[in-house]
Structures are given as C-alpha cells and as structure tokens.
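Data block below; observations after.
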Amino acid sequence: MTDYHFLIIGGGIAADAAVKTIRTINTSGTIGVISSEHHPPYNRPLLSKGLWKGEPFEKIWRETEKHHVDIHRSRTAVAINTNDHIVVDDAGTKYSYRKLLIATGGTVRKLPSTAEGIIYLRTLDDYHQLRTLTGSGQKLAVIGGGFIGSEIAAALRMNSTSVTMIFPEDGIGARVYPPSLSRFLNSFYQSKGIEVLAGDGVVNIEKHDAKFMIQTKNNRELFVDGVIAGIGITPNVTLAQDAGLEVDNGIIVNQFLQTSAADIYAAGDVAKFYNPSLKKTIRVEHEDNSLAMGDVAGKNMAGIPTPYHYLPFFYSDLFELGFEAVGEIDSRFEIVEDWKEQFREGIIYYLNENRVHGVLLWNVWGKVDAARNLIADEGPYTAGTIIGKI
C-alpha cells in the first residue's frame, strides 16, 4: 500500500489546480493522483474551443507531473474507507491518505442508441476521433443546442465541415438566452452554412457501414459521416455515495470544501457548494470554477483555512461572437436586454425577486468583476433601474 499525505481522485483541471497549490505550501508532503484518463491532466475547454481555431496542440498540457506528484493513470478509484483513510482502485491497489480530494467530474449523458461510434466530446481521445471525421466533403450531425453543441458546431463549420444541428428547443441556447437572441442564433448559424433543425429530436440512430442514419421526431432521415452529442453531464457521485458521504446531485461541501467525512474534500464539476452572492447552493460545470475550487481545496488540505465564496464565470466562442457570463443565466428569469448593437454587443441581466442573479456579457469584455459585484448587491433592481448598471 502506498501512503500519501495528499491523495486526489480525478485527473482534470480541479485536480491539477489542487496539486499546484498544495506544492506551493508544502514542498515535501507526498501527493498522489488517481486518474481514469491515460493522458496526464490537460485543458479540457480547448477540445471544443482553441484547438479548432489554430491554438498549438502543446497548449493542452497542464504539466502537473512537474510538481513532484505520482500520477496513477488509467486507474479508477472504486472504494473509499473513510475510517481507515484508504482508497482502492480497480486494479486492487490500495492507497492511504491523510487528506483526500474527490474531483471526479461528470459522465456524459448518452443518447438511447446502440450505434457504435457516436462521439460524446469529453476527452482528448474523443477530440482525436472527431478530428479524423472533419474536413471538406464530410457531413456531421451535432445533437444538442446548448453550450457544447453550439460551440462544436461552430468549430466544425470553421474547419470546412458540413454540419446539421438537431435539438428540441425552439432556438440555440433557448434554456439560457432571451428568446429573441436564441432565434437570432438560429438564423446566424444558418448564414454560416449550418443546417439547423430546431424543435426536433432524435428517434433512432443506426450505423450503415461507414455512415450513420438518423431518424428524427419530425420524420426527417439524415445520412452523415459522424454524430456528436452534447447533451450534458451527470456528476460522478457514486464513489462518494458508496463511502457514505452526503450527496445531492453533487457532493455536498461546506465553505472550506470539506465533505461530510473528516479529511475528505471535493472540488470541480462534482462539488455542490453554497454561494453567498446567490444565497443558494449550486454546482458549476465550468473551467473557472474548477480552477478556483481546486486552488482553494489545495489550500485547505495543506492547512491554510480558506473559505470558497467565489462566484465563477464561464465563456463561449460562437464564430466571431462570444460571451462571458456570471451567475445564473436562465431564460425562465425576468430578462432585461441592454444592447449597444442588437445581438452583436450588449449586456443581458437576469432578475429574480428584484435581485440580479446572472449577467450575460455578449461580446462585451473586461466586465466580469462588475457583474459579480452587481449580483452580490442586495438591490432591489427592476427592469427600469438595471439598464446601464454595467
């Protein structure tokens, strides 16, 4: 059995951030990482963003291994003994720990299809598989009109690939954008040469030799060279749940990112935490949260008590358009649009009970902190008083 001062389950961005922070505080304590990936930690957002825009591939690596850490790749933790401080992996190897971080991320939701070869863009291997299908003369179907679906559809089209998007909502990003912006994105994507099948869904996918045949709810039949599904993830809580930790659509943590068991912390996509600005418990599946949360978890594990009160932001690239968003952007809220140029540059506020819960900075940059401050403000704010606040 290998003994570690600090043991981390998961090999993503939160794990990497924790390793680097721990090492700046504690230069001698042993650190181990158990990762189901066979690659060292990498920058996952580049898989649907920068690598398609010409970013050098070398930028993907986070270089975690330079920080005097043992990375046990292609291993999956299957059990945690909270009393004895022992983790067991799928090869039967045991690891003891003094402090443990669970950063297991999430698992992609899958389509109800047995067809082999559908790509759920989550890992570096998925990216490499998708790259082989792109280029002139290739036709791909993207299932889903949310963040990942809209990003990868744009990225593929910018790389000379024919794309058809299929999603059940009326417009791209309909669950988060105002209806007018969502409808604009439909026509904007169509102007870029993407076929947009809004208000439709997938009934069946079959593999015929090298082609996929897709049947939709609206009785369309498509033949494509590849299928990419971006329909979200579910947090990997089974390991924590089996260990007796408190879970609820995520691993519950306190302000110091401690779980319900002594000496066990959680961070990243899998962690559910209370945010003082929003005054509610949330779980966030974006890069900025993983980086910040991993850093704070590392500090707490290394003996520097640090509360996690941070309100993360997220961003996306959609052809020449893009945004940064803070807080909750939900189309069910009261939405106030403040456009400098309609659908091209503006700020969108999301109000609930006379408070700002979210801010969408559409092609507006450098205003994330201002958005955070506005969300933390008690208000009250109304549609008549919020315009021009940022």
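Chain labels run A, B, ... following the order of the structure tokens; each chain numbers its residues from 1, and ligands are numbered from 1 in the order shown.
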
Dump as a tab-separated table the rows for residues of range 30-54 of chain A within 12 Å of range 94-98 of chain A: closest atom pair and distance in Å with one decimal, only C-alpha atoms counted, ordered by chain and rising residue number.
residue	atom	partner	partner_atom	distance
A:Thr30	CA	A:Tyr97	CA	9.6
A:Ile31	CA	A:Tyr97	CA	9.2
A:Gly32	CA	A:Tyr95	CA	8.7
A:Val33	CA	A:Tyr95	CA	10.2
A:Ile34	CA	A:Tyr95	CA	9.5

Assign secondary structure with DSSP using the backbone only, and return the residues of range 198-375 of chain A in helix (DSSP H, G or I) as a PyMOL selection string. chain A and resi 238-242+268-270+287-301+368-375

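Nearest to Ala14 in chain A of all the residues A:His286, A:Lys49, A:Lys280, A:Arg332 is A:His286, counting only C-alpha atoms.
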
So which one's closest to Ile375 in chain A, A:Phe319, A:Phe57, A:Phe343, A:Tyr310? Using only C-alpha atoms, please. A:Tyr310

Measuring between only C-alpha atoms, which one of A:Ile304, A:Leu100, A:Val202, A:Ala77 shows the shortest distance to Thr24 in chain A? A:Ile304

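Excluding Lys20 in chain A and any residue on its chain fewer than 5 positions from it, the residues at most 10 Å away by only C-alpha atoms are Ala15, Ile25, Asn26, Glu63, Thr64, Glu65, Lys66, His67, His68, Val69, Gly294, Asp295, Gly298 and Lys299 of chain A.
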
Please, could you write that set of residues out with N, CA, C and O atoms as a PDB file, in the first residue's frame?
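Now in out.pdb:
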ATOM      1  N   ALA A  15      -8.138  18.881 -10.117  1.00  0.00           N
ATOM      2  CA  ALA A  15      -7.051  18.091  -9.525  1.00  0.00           C
ATOM      3  C   ALA A  15      -5.711  18.766  -9.742  1.00  0.00           C
ATOM      4  O   ALA A  15      -4.883  18.872  -8.827  1.00  0.00           O
ATOM      5  N   ILE A  25       2.634  25.330  -0.954  1.00  0.00           N
ATOM      6  CA  ILE A  25       2.549  25.460   0.501  1.00  0.00           C
ATOM      7  C   ILE A  25       3.386  24.397   1.203  1.00  0.00           C
ATOM      8  O   ILE A  25       4.070  24.665   2.194  1.00  0.00           O
ATOM      9  N   ASN A  26       3.320  23.195   0.697  1.00  0.00           N
ATOM     10  CA  ASN A  26       4.014  22.060   1.307  1.00  0.00           C
ATOM     11  C   ASN A  26       4.930  21.454   0.249  1.00  0.00           C
ATOM     12  O   ASN A  26       4.456  20.805  -0.685  1.00  0.00           O
ATOM     13  N   GLU A  63       0.947  20.125 -17.384  1.00  0.00           N
ATOM     14  CA  GLU A  63       2.274  19.858 -16.821  1.00  0.00           C
ATOM     15  C   GLU A  63       2.230  19.623 -15.311  1.00  0.00           C
ATOM     16  O   GLU A  63       3.108  20.053 -14.553  1.00  0.00           O
ATOM     17  N   THR A  64       1.208  18.922 -14.874  1.00  0.00           N
ATOM     18  CA  THR A  64       1.056  18.576 -13.458  1.00  0.00           C
ATOM     19  C   THR A  64       2.235  17.775 -12.942  1.00  0.00           C
ATOM     20  O   THR A  64       2.673  17.935 -11.790  1.00  0.00           O
ATOM     21  N   GLU A  65       2.764  16.898 -13.808  1.00  0.00           N
ATOM     22  CA  GLU A  65       3.812  15.967 -13.384  1.00  0.00           C
ATOM     23  C   GLU A  65       5.101  16.675 -12.974  1.00  0.00           C
ATOM     24  O   GLU A  65       5.969  16.058 -12.323  1.00  0.00           O
ATOM     25  N   LYS A  66       5.243  17.950 -13.272  1.00  0.00           N
ATOM     26  CA  LYS A  66       6.448  18.685 -12.896  1.00  0.00           C
ATOM     27  C   LYS A  66       6.462  19.078 -11.417  1.00  0.00           C
ATOM     28  O   LYS A  66       7.439  19.658 -10.942  1.00  0.00           O
ATOM     29  N   HIS A  67       5.393  18.782 -10.707  1.00  0.00           N
ATOM     30  CA  HIS A  67       5.242  19.247  -9.332  1.00  0.00           C
ATOM     31  C   HIS A  67       5.432  18.121  -8.311  1.00  0.00           C
ATOM     32  O   HIS A  67       4.786  18.125  -7.254  1.00  0.00           O
ATOM     33  N   HIS A  68       6.299  17.187  -8.644  1.00  0.00           N
ATOM     34  CA  HIS A  68       6.658  16.106  -7.711  1.00  0.00           C
ATOM     35  C   HIS A  68       5.411  15.386  -7.196  1.00  0.00           C
ATOM     36  O   HIS A  68       5.116  15.385  -6.008  1.00  0.00           O
ATOM     37  N   VAL A  69       4.703  14.796  -8.123  1.00  0.00           N
ATOM     38  CA  VAL A  69       3.456  14.107  -7.825  1.00  0.00           C
ATOM     39  C   VAL A  69       3.449  12.771  -8.555  1.00  0.00           C
ATOM     40  O   VAL A  69       3.974  12.659  -9.668  1.00  0.00           O
ATOM     41  N   GLY A 294     -10.287  24.084  -7.119  1.00  0.00           N
ATOM     42  CA  GLY A 294      -9.122  23.244  -6.895  1.00  0.00           C
ATOM     43  C   GLY A 294      -8.064  23.965  -6.088  1.00  0.00           C
ATOM     44  O   GLY A 294      -7.430  23.390  -5.186  1.00  0.00           O
ATOM     45  N   ASP A 295      -7.858  25.233  -6.391  1.00  0.00           N
ATOM     46  CA  ASP A 295      -6.891  26.050  -5.660  1.00  0.00           C
ATOM     47  C   ASP A 295      -7.272  26.158  -4.183  1.00  0.00           C
ATOM     48  O   ASP A 295      -6.435  25.955  -3.295  1.00  0.00           O
ATOM     49  N   GLY A 298      -6.855  22.905  -2.348  1.00  0.00           N
ATOM     50  CA  GLY A 298      -5.444  22.687  -2.057  1.00  0.00           C
ATOM     51  C   GLY A 298      -4.985  23.444  -0.826  1.00  0.00           C
ATOM     52  O   GLY A 298      -4.241  22.909   0.016  1.00  0.00           O
ATOM     53  N   LYS A 299      -5.415  24.694  -0.697  1.00  0.00           N
ATOM     54  CA  LYS A 299      -5.051  25.487   0.475  1.00  0.00           C
ATOM     55  C   LYS A 299      -5.581  24.855   1.753  1.00  0.00           C
ATOM     56  O   LYS A 299      -4.856  24.743   2.759  1.00  0.00           O
TER      57      LYS A 299
END

DSSP on the backbone: what in range 92-246 of chain A comes out strand (DSSP E or B), as number ranges by chain? A: 94-102, 106-108, 119, 139-143, 162-167, 195-198, 202-208, 211-216, 221-224, 226-229, 233-235

Those selected residues, please, written with C-alpha atoms and delivered as a CSV table (one decimal), in the first residue's frame.
chain,number,residue,atom,x,y,z
A,94,LYS,CA,-4.6,0.4,-2.1
A,95,TYR,CA,-3.6,3.9,-1.2
A,96,SER,CA,-3.6,5.5,2.3
A,97,TYR,CA,-4.1,9.2,2.7
A,98,ARG,CA,-4.1,12.0,5.4
A,99,LYS,CA,-6.1,14.4,3.2
A,100,LEU,CA,-8.2,13.3,0.3
A,101,LEU,CA,-9.8,15.3,-2.6
A,102,ILE,CA,-12.6,14.0,-4.7
A,106,GLY,CA,-19.0,14.1,-14.5
A,107,THR,CA,-20.1,11.5,-17.0
A,108,VAL,CA,-21.6,12.4,-20.3
A,119,ILE,CA,-18.8,10.9,-30.1
A,139,LYS,CA,-21.0,15.8,-43.1
A,140,LEU,CA,-21.6,15.6,-39.3
A,141,ALA,CA,-24.6,15.8,-37.1
A,142,VAL,CA,-24.5,17.7,-33.8
A,143,ILE,CA,-27.1,16.6,-31.3
A,162,SER,CA,-20.9,20.4,-43.2
A,163,VAL,CA,-22.9,20.4,-40.1
A,164,THR,CA,-26.5,19.7,-39.1
A,165,MET,CA,-27.7,20.7,-35.6
A,166,ILE,CA,-30.6,18.8,-34.1
A,167,PHE,CA,-32.2,19.9,-30.8
A,195,GLU,CA,-28.5,23.3,-41.2
A,196,VAL,CA,-30.5,24.0,-38.0
A,197,LEU,CA,-33.2,21.5,-37.1
A,198,ALA,CA,-34.8,23.3,-34.2
A,202,VAL,CA,-33.6,12.0,-32.4
A,203,VAL,CA,-35.7,8.9,-32.6
A,204,ASN,CA,-33.1,6.4,-33.8
A,205,ILE,CA,-29.5,6.2,-35.0
A,206,GLU,CA,-28.2,3.3,-37.0
A,207,LYS,CA,-24.8,2.6,-38.4
A,208,HIS,CA,-24.6,1.5,-42.0
A,211,LYS,CA,-22.3,6.1,-42.4
A,212,PHE,CA,-24.9,6.9,-39.7
A,213,MET,CA,-28.6,7.1,-40.4
A,214,ILE,CA,-30.5,9.4,-38.1
A,215,GLN,CA,-34.3,9.4,-37.9
A,216,THR,CA,-35.8,12.4,-36.2
A,221,GLU,CA,-33.9,11.0,-42.3
A,222,LEU,CA,-30.3,12.0,-42.4
A,223,PHE,CA,-27.1,10.2,-43.6
A,224,VAL,CA,-24.0,11.6,-42.1
A,226,GLY,CA,-20.4,11.2,-37.8
A,227,VAL,CA,-22.6,12.0,-34.9
A,228,ILE,CA,-21.5,14.3,-32.0
A,229,ALA,CA,-23.8,14.5,-29.0
A,233,ILE,CA,-23.2,15.5,-18.0
A,234,THR,CA,-24.2,13.9,-14.7
A,235,PRO,CA,-21.9,14.3,-11.6

I'd like the contact shell of Asp125 in chain A - 12 Å cut-off, only C-alpha atoms, skipping same-chain residues fewer than 3 positions apart - returned as a PyMOL selection string. chain A and resi 37-39+42+44+47+119-122+128-132

For the residues selected in the previous step, produce a file with C-alpha atoms as a PDB file, in the first residue's frame.
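Saved file out.pdb follows:
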ATOM      1  CA  GLU A  37      -7.511   9.072 -18.067  1.00  0.00           C
ATOM      2  CA  HIS A  38      -4.467   7.550 -19.724  1.00  0.00           C
ATOM      3  CA  HIS A  39      -3.261  11.068 -20.530  1.00  0.00           C
ATOM      4  CA  TYR A  42      -4.982  18.667 -19.844  1.00  0.00           C
ATOM      5  CA  ARG A  44     -10.425  20.278 -21.487  1.00  0.00           C
ATOM      6  CA  LEU A  47     -11.251  20.447 -27.068  1.00  0.00           C
ATOM      7  CA  ILE A 119     -18.830  10.897 -30.141  1.00  0.00           C
ATOM      8  CA  TYR A 120     -19.553  12.473 -26.764  1.00  0.00           C
ATOM      9  CA  LEU A 121     -16.918  15.197 -26.752  1.00  0.00           C
ATOM     10  CA  ARG A 122     -15.459  14.991 -23.263  1.00  0.00           C
ATOM     11  CA  HIS A 128      -8.770  12.946 -31.811  1.00  0.00           C
ATOM     12  CA  GLN A 129     -11.606  10.732 -33.059  1.00  0.00           C
ATOM     13  CA  LEU A 130     -13.614  13.770 -34.137  1.00  0.00           C
ATOM     14  CA  ARG A 131     -10.631  15.297 -35.933  1.00  0.00           C
ATOM     15  CA  THR A 132     -10.462  12.287 -38.242  1.00  0.00           C
TER      16      THR A 132
END

Would you kindly return, as a list in words, each protein, DNA or RNA residue with an atom no farther than 8 Å from any atom of Gln255 in chain A, considering only C-alpha atoms and excluding same-chain residues fewer than 6 positions away? Phe273, Tyr274, Pro307, Tyr308 and His309 of chain A

Just the selected residues (C-alpha atoms), exported as a CSV table (one decimal), in the first residue's frame, please.
chain,number,residue,atom,x,y,z
A,273,PHE,CA,-21.4,24.4,-2.6
A,274,TYR,CA,-23.2,27.4,-1.0
A,307,PRO,CA,-13.5,29.8,2.5
A,308,TYR,CA,-14.8,29.3,-1.0
A,309,HIS,CA,-17.1,32.3,-1.6

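Coordinates place CA of Ile348 in chain A at a distance of 10.4 Å from CA of Glu334 in chain A.
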